[in-house]
Amino acid sequence: MQSKAKTPKEYISELPEDRIQPIMKLRETILKNLPGGFEEVTSYGMIGYVVPHSLYPDGYHCNPVLPLPFINIASQKNFIALYHMGIYSDKDLLNWFVTEYPKYVKTKLDMGKSCIRFKNIDHIPYKLIGELVTKMTAKQWINLYEQAWKK
C-alpha cells in the first residue's frame, strides 16, 4: 500500500484497523530508541526516518532533493515491513540481527536485503527492533553510505 499521507499520523489514520496498533507500536519503538540526528518524515508512501539535509546536504543520490533514507515502516498488502538500510550496508549488524532474531521469534525470519517482513503481527519483536535501532548513529550511517556510493 503506497500512501499519499503527508505526516506519520495521517499515514496511520489511513491504515486498516488491524494494522493501526502494530504500526503505532513500531513507530513508538523507533522514536524511543533512534539516536539523535535522524528525523521522522513520510517518504516513498511510508513512515520514514532520514538524515535531514541540515546534517547531510547532499541528500539521497537517487534524488538529492530527498534526505538520506535510513529506516522505513509500512503496511503492505500481506505483511508489515521494516526497511533498515543499516542491515543492508553493515554485514556485522546483519549477522547480529539474524543471530538475535530466533531468541525473540520462533518462526523463520522473512527478510530481503533491507526489508524485514512480519506476516503475523503478533510476532513483531519490538524489543529487538528497539535494540536494532540503537546500533547505528546518523554519522555512522552517513559514513557507510558514502563508502558505498561515493566511490
# chains A, B, ... in the order shown; residues from 1 in each chain; ligands from 1
$ select_by_dssp --residues "chain A" --states "strand (DSSP E or B)" --output "PyMOL selection string"
chain A and resi 39-43+46-51+60+63+68-75+80-84+111+115-118
$ write_last_selection --atoms "N, CA and C atoms" --output "PDB file, in the first residue's frame"
ATOM      1  N   GLU A  39      15.466  12.198  11.514  1.00  0.00           N
ATOM      2  CA  GLU A  39      14.209  12.944  11.529  1.00  0.00           C
ATOM      3  C   GLU A  39      13.103  12.049  10.987  1.00  0.00           C
ATOM      4  N   GLU A  40      11.925  12.127  11.605  1.00  0.00           N
ATOM      5  CA  GLU A  40      10.784  11.346  11.129  1.00  0.00           C
ATOM      6  C   GLU A  40      10.067  12.125  10.026  1.00  0.00           C
ATOM      7  N   VAL A  41       9.751  11.428   8.939  1.00  0.00           N
ATOM      8  CA  VAL A  41       9.070  12.021   7.788  1.00  0.00           C
ATOM      9  C   VAL A  41       8.118  10.987   7.190  1.00  0.00           C
ATOM     10  N   THR A  42       7.394  11.395   6.181  1.00  0.00           N
ATOM     11  CA  THR A  42       6.750  10.413   5.304  1.00  0.00           C
ATOM     12  C   THR A  42       7.522  10.476   3.990  1.00  0.00           C
ATOM     13  N   SER A  43       7.892   9.311   3.502  1.00  0.00           N
ATOM     14  CA  SER A  43       8.632   9.241   2.246  1.00  0.00           C
ATOM     15  C   SER A  43       8.343   7.911   1.573  1.00  0.00           C
ATOM     16  N   MET A  46       5.521   5.838   2.907  1.00  0.00           N
ATOM     17  CA  MET A  46       5.689   5.124   4.178  1.00  0.00           C
ATOM     18  C   MET A  46       6.128   6.117   5.251  1.00  0.00           C
ATOM     19  N   ILE A  47       6.156   5.664   6.482  1.00  0.00           N
ATOM     20  CA  ILE A  47       6.768   6.438   7.556  1.00  0.00           C
ATOM     21  C   ILE A  47       8.265   6.195   7.462  1.00  0.00           C
ATOM     22  N   GLY A  48       9.029   7.275   7.472  1.00  0.00           N
ATOM     23  CA  GLY A  48      10.467   7.135   7.298  1.00  0.00           C
ATOM     24  C   GLY A  48      11.270   7.876   8.343  1.00  0.00           C
ATOM     25  N   TYR A  49      12.493   7.435   8.489  1.00  0.00           N
ATOM     26  CA  TYR A  49      13.468   8.054   9.397  1.00  0.00           C
ATOM     27  C   TYR A  49      14.696   8.319   8.551  1.00  0.00           C
ATOM     28  N   VAL A  50      15.046   9.581   8.451  1.00  0.00           N
ATOM     29  CA  VAL A  50      16.053  10.024   7.488  1.00  0.00           C
ATOM     30  C   VAL A  50      17.112  10.886   8.160  1.00  0.00           C
ATOM     31  N   VAL A  51      18.226  11.051   7.452  1.00  0.00           N
ATOM     32  CA  VAL A  51      19.226  12.033   7.838  1.00  0.00           C
ATOM     33  C   VAL A  51      18.840  13.313   7.090  1.00  0.00           C
ATOM     34  N   TYR A  60      19.929  12.148  -0.874  1.00  0.00           N
ATOM     35  CA  TYR A  60      19.944  10.785  -1.396  1.00  0.00           C
ATOM     36  C   TYR A  60      20.411  10.806  -2.851  1.00  0.00           C
ATOM     37  N   ASN A  63      17.885  10.800  -5.691  1.00  0.00           N
ATOM     38  CA  ASN A  63      17.123  12.042  -5.819  1.00  0.00           C
ATOM     39  C   ASN A  63      17.610  12.982  -4.721  1.00  0.00           C
ATOM     40  N   LEU A  68      18.572  11.722   3.081  1.00  0.00           N
ATOM     41  CA  LEU A  68      19.134  10.371   3.056  1.00  0.00           C
ATOM     42  C   LEU A  68      18.270   9.414   3.882  1.00  0.00           C
ATOM     43  N   PRO A  69      17.629   8.415   3.244  1.00  0.00           N
ATOM     44  CA  PRO A  69      16.779   7.483   3.985  1.00  0.00           C
ATOM     45  C   PRO A  69      17.597   6.519   4.845  1.00  0.00           C
ATOM     46  N   PHE A  70      16.994   6.085   5.941  1.00  0.00           N
ATOM     47  CA  PHE A  70      17.640   5.118   6.832  1.00  0.00           C
ATOM     48  C   PHE A  70      16.695   3.971   7.188  1.00  0.00           C
ATOM     49  N   ILE A  71      15.546   4.293   7.760  1.00  0.00           N
ATOM     50  CA  ILE A  71      14.554   3.286   8.150  1.00  0.00           C
ATOM     51  C   ILE A  71      13.194   3.720   7.606  1.00  0.00           C
ATOM     52  N   ASN A  72      12.411   2.744   7.158  1.00  0.00           N
ATOM     53  CA  ASN A  72      11.009   2.984   6.812  1.00  0.00           C
ATOM     54  C   ASN A  72      10.172   1.880   7.423  1.00  0.00           C
ATOM     55  N   ILE A  73       8.932   2.209   7.749  1.00  0.00           N
ATOM     56  CA  ILE A  73       7.962   1.197   8.163  1.00  0.00           C
ATOM     57  C   ILE A  73       6.722   1.364   7.297  1.00  0.00           C
ATOM     58  N   ALA A  74       6.114   0.223   6.962  1.00  0.00           N
ATOM     59  CA  ALA A  74       4.972   0.272   6.062  1.00  0.00           C
ATOM     60  C   ALA A  74       4.037  -0.899   6.292  1.00  0.00           C
ATOM     61  N   SER A  75       2.778  -0.638   6.026  1.00  0.00           N
ATOM     62  CA  SER A  75       1.779  -1.687   5.995  1.00  0.00           C
ATOM     63  C   SER A  75       1.607  -2.082   4.536  1.00  0.00           C
ATOM     64  N   ILE A  80       3.558  -6.446   7.453  1.00  0.00           N
ATOM     65  CA  ILE A  80       4.109  -5.173   7.885  1.00  0.00           C
ATOM     66  C   ILE A  80       5.604  -5.260   7.627  1.00  0.00           C
ATOM     67  N   ALA A  81       6.160  -4.184   7.073  1.00  0.00           N
ATOM     68  CA  ALA A  81       7.573  -4.195   6.704  1.00  0.00           C
ATOM     69  C   ALA A  81       8.360  -3.157   7.483  1.00  0.00           C
ATOM     70  N   LEU A  82       9.566  -3.553   7.833  1.00  0.00           N
ATOM     71  CA  LEU A  82      10.567  -2.646   8.396  1.00  0.00           C
ATOM     72  C   LEU A  82      11.738  -2.669   7.427  1.00  0.00           C
ATOM     73  N   TYR A  83      12.041  -1.521   6.850  1.00  0.00           N
ATOM     74  CA  TYR A  83      13.173  -1.396   5.935  1.00  0.00           C
ATOM     75  C   TYR A  83      14.289  -0.706   6.701  1.00  0.00           C
ATOM     76  N   HIS A  84      15.437  -1.356   6.808  1.00  0.00           N
ATOM     77  CA  HIS A  84      16.559  -0.825   7.599  1.00  0.00           C
ATOM     78  C   HIS A  84      17.808  -0.850   6.733  1.00  0.00           C
ATOM     79  N   MET A 111      13.084 -12.139   5.321  1.00  0.00           N
ATOM     80  CA  MET A 111      13.862 -10.931   5.116  1.00  0.00           C
ATOM     81  C   MET A 111      14.422 -10.864   3.702  1.00  0.00           C
ATOM     82  N   CYS A 115      14.703  -5.343   3.917  1.00  0.00           N
ATOM     83  CA  CYS A 115      13.305  -5.475   4.323  1.00  0.00           C
ATOM     84  C   CYS A 115      13.096  -6.673   5.242  1.00  0.00           C
ATOM     85  N   ILE A 116      12.534  -6.395   6.408  1.00  0.00           N
ATOM     86  CA  ILE A 116      12.135  -7.453   7.334  1.00  0.00           C
ATOM     87  C   ILE A 116      10.611  -7.490   7.284  1.00  0.00           C
ATOM     88  N   ARG A 117      10.057  -8.645   6.924  1.00  0.00           N
ATOM     89  CA  ARG A 117       8.610  -8.772   6.751  1.00  0.00           C
ATOM     90  C   ARG A 117       7.993  -9.512   7.931  1.00  0.00           C
ATOM     91  N   PHE A 118       6.910  -8.941   8.444  1.00  0.00           N
ATOM     92  CA  PHE A 118       6.170  -9.550   9.546  1.00  0.00           C
ATOM     93  C   PHE A 118       4.772  -9.886   9.050  1.00  0.00           C
TER      94      PHE A 118
END
$ residues_around --residues "Trp141 (chain A)" --least-positions-apart "4" --cutoff "8 Å" --atoms "only C-alpha atoms" --output "ChimeraX atom specification"
/A:70,86,136-137,145
$ closest_residue --among "A:Thr99, A:Met85, A:Lys4, A:Thr134" --to "Gly112 (chain A)" --atoms "only C-alpha atoms"
A:Met85
$ residues_around --residues "Thr107 (chain A)" --least-positions-apart "5" --cutoff "10 Å" --atoms "only C-alpha atoms" --output "list of chain:residue names"
A:Tyr101, A:Pro102, A:Asn120, A:His123
$ write_last_selection --atoms "C-alpha atoms" --output "JSON list (two decimals), in the first residue's frame"
[["chain", "number", "residue", "atom", "x", "y", "z"],
["A", 101, "TYR", "CA", 16.01, -12.87, 15.90],
["A", 102, "PRO", "CA", 15.34, -16.53, 16.89],
["A", 120, "ASN", "CA", 1.98, -12.36, 11.71],
["A", 123, "HIS", "CA", 5.16, -11.87, 16.30]]
$ select_by_dssp --residues "region 30-149 of chain A" --states "helix (DSSP H, G or I)" --output "ChimeraX atom specification"
/A:30-33,85-89,91-104,121-123,126-134,138-149
$ residues_around --residues "Pro16 (chain A)" --least-positions-apart "5" --cutoff "12 Å" --atoms "only C-alpha atoms" --output "ChimeraX atom specification"
/A:1,11,21-23,75-78,80
$ write_last_selection --atoms "all heavy atoms" --output "PDB file, in the first residue's frame"
ATOM      1  N   MET A   1       0.850  -1.177   0.000  1.00  0.00           N
ATOM      2  CA  MET A   1       0.000   0.000   0.000  1.00  0.00           C
ATOM      3  C   MET A   1       0.889   1.232   0.000  1.00  0.00           C
ATOM      4  O   MET A   1       1.674   1.427   0.910  1.00  0.00           O
ATOM      5  CB  MET A   1      -0.871  -0.059   1.262  1.00  0.00           C
ATOM      6  CG  MET A   1      -1.495   1.242   1.668  1.00  0.00           C
ATOM      7  SD  MET A   1      -2.470   1.036   3.170  1.00  0.00           S
ATOM      8  CE  MET A   1      -2.209   2.628   3.887  1.00  0.00           C
ATOM      9  N   TYR A  11      -0.693   8.950   7.868  1.00  0.00           N
ATOM     10  CA  TYR A  11      -0.439   7.603   7.341  1.00  0.00           C
ATOM     11  C   TYR A  11      -1.158   6.567   8.211  1.00  0.00           C
ATOM     12  O   TYR A  11      -1.868   5.700   7.708  1.00  0.00           O
ATOM     13  CB  TYR A  11       1.073   7.324   7.306  1.00  0.00           C
ATOM     14  CG  TYR A  11       1.421   5.932   6.835  1.00  0.00           C
ATOM     15  CD1 TYR A  11       1.626   5.673   5.484  1.00  0.00           C
ATOM     16  CD2 TYR A  11       1.523   4.869   7.728  1.00  0.00           C
ATOM     17  CE1 TYR A  11       1.929   4.398   5.034  1.00  0.00           C
ATOM     18  CE2 TYR A  11       1.825   3.596   7.285  1.00  0.00           C
ATOM     19  CZ  TYR A  11       2.033   3.366   5.944  1.00  0.00           C
ATOM     20  OH  TYR A  11       2.326   2.091   5.509  1.00  0.00           O
ATOM     21  N   GLN A  21      -2.502  -0.513  15.492  1.00  0.00           N
ATOM     22  CA  GLN A  21      -1.724  -0.711  16.730  1.00  0.00           C
ATOM     23  C   GLN A  21      -0.293  -1.184  16.456  1.00  0.00           C
ATOM     24  O   GLN A  21       0.648  -0.641  17.031  1.00  0.00           O
ATOM     25  CB  GLN A  21      -2.445  -1.666  17.679  1.00  0.00           C
ATOM     26  CG  GLN A  21      -3.596  -1.033  18.431  1.00  0.00           C
ATOM     27  CD  GLN A  21      -3.218   0.239  19.177  1.00  0.00           C
ATOM     28  OE1 GLN A  21      -3.712   1.310  18.868  1.00  0.00           O
ATOM     29  NE2 GLN A  21      -2.332   0.145  20.146  1.00  0.00           N
ATOM     30  N   PRO A  22      -0.095  -2.196  15.590  1.00  0.00           N
ATOM     31  CA  PRO A  22       1.287  -2.623  15.334  1.00  0.00           C
ATOM     32  C   PRO A  22       2.159  -1.514  14.721  1.00  0.00           C
ATOM     33  O   PRO A  22       3.318  -1.350  15.122  1.00  0.00           O
ATOM     34  CB  PRO A  22       1.138  -3.797  14.358  1.00  0.00           C
ATOM     35  CG  PRO A  22      -0.256  -4.272  14.532  1.00  0.00           C
ATOM     36  CD  PRO A  22      -1.058  -3.090  14.943  1.00  0.00           C
ATOM     37  N   ILE A  23       1.620  -0.747  13.799  1.00  0.00           N
ATOM     38  CA  ILE A  23       2.403   0.340  13.199  1.00  0.00           C
ATOM     39  C   ILE A  23       2.667   1.425  14.235  1.00  0.00           C
ATOM     40  O   ILE A  23       3.791   1.959  14.320  1.00  0.00           O
ATOM     41  CB  ILE A  23       1.709   0.909  11.943  1.00  0.00           C
ATOM     42  CG1 ILE A  23       1.721  -0.113  10.803  1.00  0.00           C
ATOM     43  CG2 ILE A  23       2.350   2.228  11.503  1.00  0.00           C
ATOM     44  CD1 ILE A  23       3.071  -0.362  10.148  1.00  0.00           C
ATOM     45  N   SER A  75       2.778  -0.638   6.026  1.00  0.00           N
ATOM     46  CA  SER A  75       1.779  -1.687   5.995  1.00  0.00           C
ATOM     47  C   SER A  75       1.607  -2.082   4.536  1.00  0.00           C
ATOM     48  O   SER A  75       1.077  -1.316   3.736  1.00  0.00           O
ATOM     49  CB  SER A  75       0.455  -1.158   6.568  1.00  0.00           C
ATOM     50  OG  SER A  75      -0.546  -2.140   6.461  1.00  0.00           O
ATOM     51  N   GLN A  76       2.098  -3.258   4.182  1.00  0.00           N
ATOM     52  CA  GLN A  76       1.960  -3.774   2.827  1.00  0.00           C
ATOM     53  C   GLN A  76       0.733  -4.678   2.772  1.00  0.00           C
ATOM     54  O   GLN A  76       0.095  -4.932   3.793  1.00  0.00           O
ATOM     55  CB  GLN A  76       3.232  -4.524   2.417  1.00  0.00           C
ATOM     56  CG  GLN A  76       4.504  -3.715   2.535  1.00  0.00           C
ATOM     57  CD  GLN A  76       4.592  -2.550   1.552  1.00  0.00           C
ATOM     58  OE1 GLN A  76       3.658  -2.240   0.826  1.00  0.00           O
ATOM     59  NE2 GLN A  76       5.733  -1.880   1.543  1.00  0.00           N
ATOM     60  N   LYS A  77       0.421  -5.188   1.601  1.00  0.00           N
ATOM     61  CA  LYS A  77      -0.800  -5.975   1.445  1.00  0.00           C
ATOM     62  C   LYS A  77      -0.850  -7.187   2.384  1.00  0.00           C
ATOM     63  O   LYS A  77      -1.844  -7.420   3.052  1.00  0.00           O
ATOM     64  CB  LYS A  77      -0.944  -6.439  -0.006  1.00  0.00           C
ATOM     65  CG  LYS A  77      -2.204  -7.208  -0.254  1.00  0.00           C
ATOM     66  CD  LYS A  77      -2.354  -7.610  -1.701  1.00  0.00           C
ATOM     67  CE  LYS A  77      -3.628  -8.401  -1.897  1.00  0.00           C
ATOM     68  NZ  LYS A  77      -3.794  -8.824  -3.283  1.00  0.00           N
ATOM     69  N   ASN A  78       0.253  -7.952   2.445  1.00  0.00           N
ATOM     70  CA  ASN A  78       0.247  -9.202   3.206  1.00  0.00           C
ATOM     71  C   ASN A  78       1.158  -9.211   4.424  1.00  0.00           C
ATOM     72  O   ASN A  78       1.357 -10.250   5.030  1.00  0.00           O
ATOM     73  CB  ASN A  78       0.634 -10.364   2.285  1.00  0.00           C
ATOM     74  CG  ASN A  78      -0.384 -10.570   1.195  1.00  0.00           C
ATOM     75  OD1 ASN A  78      -1.577 -10.600   1.452  1.00  0.00           O
ATOM     76  ND2 ASN A  78       0.085 -10.688  -0.034  1.00  0.00           N
ATOM     77  N   ILE A  80       3.558  -6.446   7.453  1.00  0.00           N
ATOM     78  CA  ILE A  80       4.109  -5.173   7.885  1.00  0.00           C
ATOM     79  C   ILE A  80       5.604  -5.260   7.627  1.00  0.00           C
ATOM     80  O   ILE A  80       6.228  -6.278   7.914  1.00  0.00           O
ATOM     81  CB  ILE A  80       3.802  -4.896   9.369  1.00  0.00           C
ATOM     82  CG1 ILE A  80       2.312  -4.574   9.516  1.00  0.00           C
ATOM     83  CG2 ILE A  80       4.662  -3.753   9.911  1.00  0.00           C
ATOM     84  CD1 ILE A  80       1.850  -4.328  10.937  1.00  0.00           C
TER      85      ILE A  80
END
$ closest_residue --among "A:Leu26, A:Asn33, A:Gln2, A:Cys62" --to "Pro125 (chain A)" --atoms "only C-alpha atoms"
A:Leu26
$ closest_residue --among "A:Ser89, A:Lys119, A:Lys32, A:Val105" --to "Trp149 (chain A)" --atoms "only C-alpha atoms"
A:Ser89
$ closest_residue --among "A:Asp110, A:Lys25, A:Lys9, A:Ala138" --to "Ser54 (chain A)" --atoms "only C-alpha atoms"
A:Ala138
$ closest_residue --among "A:Leu34, A:Ile87, A:Ile124, A:Leu132" --to "Glu100 (chain A)" --atoms "only C-alpha atoms"
A:Leu132
